[in-house]
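Let me begin by presenting the structure, written as structure tokens, before commenting on it.
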Amino acid sequence: MYNSISISLGEMVLKGKNRGQFEKKLTTQINKVIKKKGLSLYRDRGKIFIDTENDIDELIKDIKNIFGIVYVTPCFKTGREFEEISQSVIRLMEWKRENEDIKTFKILSKRADKSYPFKSMDLNKDLGGVVLKHFKDLKVDVHNPDVTINVDLRSQCYLYTEKYKGTGGLPLGTNGEGLVLLSGGIDSPVAAYMMARRGVKLNCVTFHAYPFTSERANDKVRTLTERLSVFCGQINLYYVNLLDIYTEIRKHCPEDQTTIIARRFMMRIGEKIANDRGFDFLITGESLGQVASQTAKSLGVIDSSVDLPILRPLIGMDKTEIIDISRNIGTYEDSILPYEDCCSVFSPKHPQTKPRKDRIEMSEEKLDVWTLIDDAVNKMEIEKVQ
Amino acid sequence: MIYLDNAATTRMSEKSLKKFVDSNERHYGNPSSLHSYGYECEKNLKKCRKTVSEFIGAYPDEVYFTSGGTESNNIAILGSIKKYEGAEVIYSDIDHPSITGPVEELKRRGSVVIPVVTDKMGIIDLMDLESKLNKRTALCIFTHVNSELGTMQDMEKICKTIKANKNSTKIHFDCVQSFGKMKFDVSRCKVDTLSFSGHKIHGPKGIGGLYARKGTSLKATFHGGGQEKGLRPGTEPLPLVESFAEAVILRGKIMDSEHERISNLRNKLIMGLKNSLEDIRINTAEKYSPYILNVSIKDIKGEVLLHYLERDKIYISTGSACSSRDTTVANVVSRLESNKAYSDGTVRMSFGMFNDEKENTFVLEKIVEYVNEIRKITRGI
């Protein structure tokens, strides 16, 4: 029945002079999806449309995942003459009634083209009359109808009855490029997704300690990155082995400082990777108070190891909220696979929850910090994940 | 490659592999087909059934081919009980998931499931067993050789105890780890059903068997074309069966000499480990299966040693309670060792026909080297 879909944009319509740039990024993302299907998009008085009669459900599913889109609507596109619109409304109603028990309806017209000779209210009334005349058993209910037929008048007329919620947010690549510290747990993929939704292009770094950790743990991170790439396109994934760094920390620093010092190393390595490649910030999945390294004091000491901003989109969220998002974006099942990451292998029995920066720095003085970082980054493996 | 995970699965023997390929080329017919080629395949199937049954002292019509241990256990456990509601079923508290899984299912169907106590090594407490037997006991299920520790139950004694209470109580033994490695004869004990598998004895994966004493009534757990007397319907996989039978023939020839050879290998490894490393505990008792060696090493993690060794293509298994996905492993290890510094460092090495003295020496050398290396890191020295 449907022969077109319309795409409603989110908050980017509020952007002033930059709106063009945002829309350009968005149309690039949409084109990536539809060109593979041999389709193209066009604009009709500001709104984006894609004409197709095939696999509309599949197309909507793909388009919904693109950041920056709030609604995707399957439409029946028709001419602007009143007679033509009337016939199309009847056809649409007949088609709807094949599958649904419809007893009441409402017509809701909107004119993007104000030069159209009928006013919206008149159109509602006249088209309603046409429907009542054709379907004797139907009644009008303007408050709680079984179906609302929307009539969207532009250079063509678009009829629709339902719309699907999109992901929202801002188009990918409109808010800089970030490096996610991806652990393989539940939180960091969610943090990555939330920042990507705000238009950030993602890169990920994961830390392991092979042979102290399993190769399967790296596979798990790769799978999680693949899941994220459904929303974000190709992602660079950096694998850094921290075993030598952990060995030195264990040898020279108090055991209860292991986690905090290791986290500072991770941040510094992340910063080095980011600076070398021009990324704008680091992204982590920390949530205040969740574990020892995520107390306010610990986060302060961790942050002081780098200059680059660290974005923490989950900082005020509860675990249950994080799990809900994780399930929605399809990363939860992989996140809970039981492979140890380097944090758990080397975690001390009683980690410090209120570390002092001066004491941590004193411990780090016993380590050749920058040589260790350079060695780890030089041995790093890189993979493009899609 | 040095493969020391033979309790998980084994490499196929050359003869078994060759038989599998030959059979796929020559005997791909359906043994149930009426034509002469189908009949020829049926004759071969019969021959294999005879080989396998004779190996355990059974009659050919007492052996059913299945896909392996898990399926055999499921058929025996779920198929043995006439009326699930209220039936009492006894099992041991360290059984493998292929037993605890169907036992849980019995519970869901209304049976009363009662675990019998075992000692630290997993040996069944016969007094406890006796105290739990009564007139309502419909089925007792045990594992002959424990896959983590190699501990072996006294099948004859257990059967005697159960049958003395009530002769009609059914007894099932999971013999997956003992079949083809230890001698046992079903005609000498009163076991009713018994499961075994091909891939643990250098045969192919996807084939095993169920012994069911004559007169034992078993309900099929799924239904189809009536093959294997309706107990395990589905076209008989003759190439797998022939390859399995070939593995059984080989075990028949070498079982005694292998027992001695593997015992020597294991004992030398134990001696070497004890002499070269401090703070280790050998969890396997000498008198049980020589094919399994379970060790706890202080201040390492079993999985970490496993990953160190895999870099040299030495493959062992972990018994570490913290990382294993198998709760049985955790259960077995935690009862042995309450000190976490040891239990986290539990590993299992399991031997097979391809392991030799030279490998053993190399493995010992590498374990000692890596344990010292790992301890340096974990102990911060």
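Residue names in the structure tokens use chain letters A, B, ... in the order shown, residue numbers from 1 in each chain, and ligand numbers from 1 in the order shown.
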Shell of 10 Å around Arg277 of chain A, only C-alpha atoms, local chain residues under 5 positions omitted, as a ChimeraX atom specification: /A:177,271-272
Pick out the residues sitting within 12 Å of Ala58 of chain B, and hand them over as an MDAnalysis selection string; count only C-alpha atoms, and ignore anything fewer than 4 positions along from it in its own chain. chainID B and resid 49:54 62:64 184:194 210:214
Check every residue of chain B for an atom within 10 Å of chain A, counting only C-alpha atoms, and provide those that qualify as an NGL selection string. :B and (300-311 or 322-325 or 374 or 376-381)
Keeping only N, CA, C and O atoms, write the selected residues as a PDB file, in the first residue's frame.
```pdb
ATOM      1  N   ILE B 300      48.832 -18.658  41.826  1.00  0.00           N
ATOM      2  CA  ILE B 300      48.671 -18.446  40.385  1.00  0.00           C
ATOM      3  C   ILE B 300      47.181 -18.579  40.108  1.00  0.00           C
ATOM      4  O   ILE B 300      46.428 -19.028  40.971  1.00  0.00           O
ATOM      5  N   LYS B 301      46.760 -18.198  38.906  1.00  0.00           N
ATOM      6  CA  LYS B 301      45.386 -18.510  38.525  1.00  0.00           C
ATOM      7  C   LYS B 301      45.474 -19.596  37.458  1.00  0.00           C
ATOM      8  O   LYS B 301      46.307 -19.503  36.547  1.00  0.00           O
ATOM      9  N   GLY B 302      44.634 -20.610  37.591  1.00  0.00           N
ATOM     10  CA  GLY B 302      44.671 -21.734  36.657  1.00  0.00           C
ATOM     11  C   GLY B 302      44.578 -21.275  35.213  1.00  0.00           C
ATOM     12  O   GLY B 302      45.328 -21.732  34.348  1.00  0.00           O
ATOM     13  N   GLU B 303      43.699 -20.309  34.968  1.00  0.00           N
ATOM     14  CA  GLU B 303      43.498 -19.859  33.587  1.00  0.00           C
ATOM     15  C   GLU B 303      44.735 -19.147  33.047  1.00  0.00           C
ATOM     16  O   GLU B 303      45.041 -19.227  31.857  1.00  0.00           O
ATOM     17  N   VAL B 304      45.452 -18.463  33.945  1.00  0.00           N
ATOM     18  CA  VAL B 304      46.654 -17.749  33.500  1.00  0.00           C
ATOM     19  C   VAL B 304      47.724 -18.756  33.074  1.00  0.00           C
ATOM     20  O   VAL B 304      48.345 -18.614  32.004  1.00  0.00           O
ATOM     21  N   LEU B 305      47.900 -19.818  33.867  1.00  0.00           N
ATOM     22  CA  LEU B 305      48.877 -20.851  33.491  1.00  0.00           C
ATOM     23  C   LEU B 305      48.465 -21.485  32.157  1.00  0.00           C
ATOM     24  O   LEU B 305      49.304 -21.722  31.284  1.00  0.00           O
ATOM     25  N   LEU B 306      47.157 -21.720  32.017  1.00  0.00           N
ATOM     26  CA  LEU B 306      46.632 -22.295  30.767  1.00  0.00           C
ATOM     27  C   LEU B 306      47.014 -21.416  29.566  1.00  0.00           C
ATOM     28  O   LEU B 306      47.475 -21.920  28.538  1.00  0.00           O
ATOM     29  N   HIS B 307      46.870 -20.099  29.708  1.00  0.00           N
ATOM     30  CA  HIS B 307      47.201 -19.204  28.584  1.00  0.00           C
ATOM     31  C   HIS B 307      48.708 -19.124  28.342  1.00  0.00           C
ATOM     32  O   HIS B 307      49.142 -18.981  27.202  1.00  0.00           O
ATOM     33  N   TYR B 308      49.498 -19.196  29.412  1.00  0.00           N
ATOM     34  CA  TYR B 308      50.959 -19.217  29.221  1.00  0.00           C
ATOM     35  C   TYR B 308      51.359 -20.454  28.419  1.00  0.00           C
ATOM     36  O   TYR B 308      52.146 -20.377  27.483  1.00  0.00           O
ATOM     37  N   LEU B 309      50.767 -21.604  28.808  1.00  0.00           N
ATOM     38  CA  LEU B 309      51.150 -22.860  28.149  1.00  0.00           C
ATOM     39  C   LEU B 309      50.661 -22.915  26.703  1.00  0.00           C
ATOM     40  O   LEU B 309      51.331 -23.492  25.842  1.00  0.00           O
ATOM     41  N   GLU B 310      49.511 -22.295  26.421  1.00  0.00           N
ATOM     42  CA  GLU B 310      48.973 -22.369  25.050  1.00  0.00           C
ATOM     43  C   GLU B 310      49.893 -21.668  24.053  1.00  0.00           C
ATOM     44  O   GLU B 310      49.887 -21.968  22.871  1.00  0.00           O
ATOM     45  N   ARG B 311      50.722 -20.733  24.556  1.00  0.00           N
ATOM     46  CA  ARG B 311      51.664 -20.074  23.638  1.00  0.00           C
ATOM     47  C   ARG B 311      52.699 -21.065  23.122  1.00  0.00           C
ATOM     48  O   ARG B 311      53.273 -20.887  22.064  1.00  0.00           O
ATOM     49  N   CYS B 322      36.908 -19.563  39.810  1.00  0.00           N
ATOM     50  CA  CYS B 322      36.491 -18.187  39.545  1.00  0.00           C
ATOM     51  C   CYS B 322      36.105 -17.959  38.095  1.00  0.00           C
ATOM     52  O   CYS B 322      35.290 -17.123  37.796  1.00  0.00           O
ATOM     53  N   SER B 323      36.698 -18.712  37.176  1.00  0.00           N
ATOM     54  CA  SER B 323      36.453 -18.367  35.778  1.00  0.00           C
ATOM     55  C   SER B 323      35.707 -19.442  35.003  1.00  0.00           C
ATOM     56  O   SER B 323      35.299 -19.210  33.885  1.00  0.00           O
ATOM     57  N   SER B 324      35.567 -20.606  35.591  1.00  0.00           N
ATOM     58  CA  SER B 324      34.971 -21.674  34.810  1.00  0.00           C
ATOM     59  C   SER B 324      33.497 -21.415  34.568  1.00  0.00           C
ATOM     60  O   SER B 324      32.786 -20.902  35.416  1.00  0.00           O
ATOM     61  N   ARG B 325      33.056 -21.824  33.393  1.00  0.00           N
ATOM     62  CA  ARG B 325      31.639 -21.666  33.078  1.00  0.00           C
ATOM     63  C   ARG B 325      30.861 -22.902  33.539  1.00  0.00           C
ATOM     64  O   ARG B 325      29.673 -22.967  33.464  1.00  0.00           O
ATOM     65  N   ILE B 374      54.740 -16.472  36.690  1.00  0.00           N
ATOM     66  CA  ILE B 374      53.447 -15.909  37.121  1.00  0.00           C
ATOM     67  C   ILE B 374      53.524 -15.488  38.599  1.00  0.00           C
ATOM     68  O   ILE B 374      53.034 -14.423  38.980  1.00  0.00           O
ATOM     69  N   LYS B 376      56.059 -14.503  40.199  1.00  0.00           N
ATOM     70  CA  LYS B 376      56.829 -13.257  40.315  1.00  0.00           C
ATOM     71  C   LYS B 376      55.897 -12.061  40.173  1.00  0.00           C
ATOM     72  O   LYS B 376      56.013 -11.062  40.882  1.00  0.00           O
ATOM     73  N   ILE B 377      54.973 -12.169  39.223  1.00  0.00           N
ATOM     74  CA  ILE B 377      54.049 -11.047  38.984  1.00  0.00           C
ATOM     75  C   ILE B 377      53.013 -10.958  40.103  1.00  0.00           C
ATOM     76  O   ILE B 377      52.790  -9.895  40.676  1.00  0.00           O
ATOM     77  N   THR B 378      52.399 -12.092  40.436  1.00  0.00           N
ATOM     78  CA  THR B 378      51.323 -12.040  41.434  1.00  0.00           C
ATOM     79  C   THR B 378      51.863 -11.739  42.831  1.00  0.00           C
ATOM     80  O   THR B 378      51.196 -11.098  43.639  1.00  0.00           O
ATOM     81  N   ARG B 379      53.087 -12.197  43.093  1.00  0.00           N
ATOM     82  CA  ARG B 379      53.646 -11.926  44.421  1.00  0.00           C
ATOM     83  C   ARG B 379      54.409 -10.593  44.448  1.00  0.00           C
ATOM     84  O   ARG B 379      54.909 -10.170  45.485  1.00  0.00           O
ATOM     85  N   GLY B 380      54.550  -9.972  43.268  1.00  0.00           N
ATOM     86  CA  GLY B 380      55.219  -8.665  43.178  1.00  0.00           C
ATOM     87  C   GLY B 380      56.692  -8.723  43.555  1.00  0.00           C
ATOM     88  O   GLY B 380      57.191  -7.835  44.251  1.00  0.00           O
ATOM     89  N   ILE B 381      57.386  -9.786  43.072  1.00  0.00           N
ATOM     90  CA  ILE B 381      58.823  -9.878  43.401  1.00  0.00           C
ATOM     91  C   ILE B 381      59.701  -9.764  42.155  1.00  0.00           C
ATOM     92  O   ILE B 381      59.240  -9.923  41.069  1.00  0.00           O
TER      93      ILE B 381
END
```
Among listed residues B:Ser98, B:Ser67, B:Ser147, B:Thr137, nearest Ile207 of chain B (using only C-alpha atoms):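 Smallest distance to Ile207 of chain B is found for B:Ser67.
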Which of B:Lys107, B:Lys313, B:Lys340, B:His172 sits closest to Met1 of chain B [using only C-alpha atoms]: B:Lys313
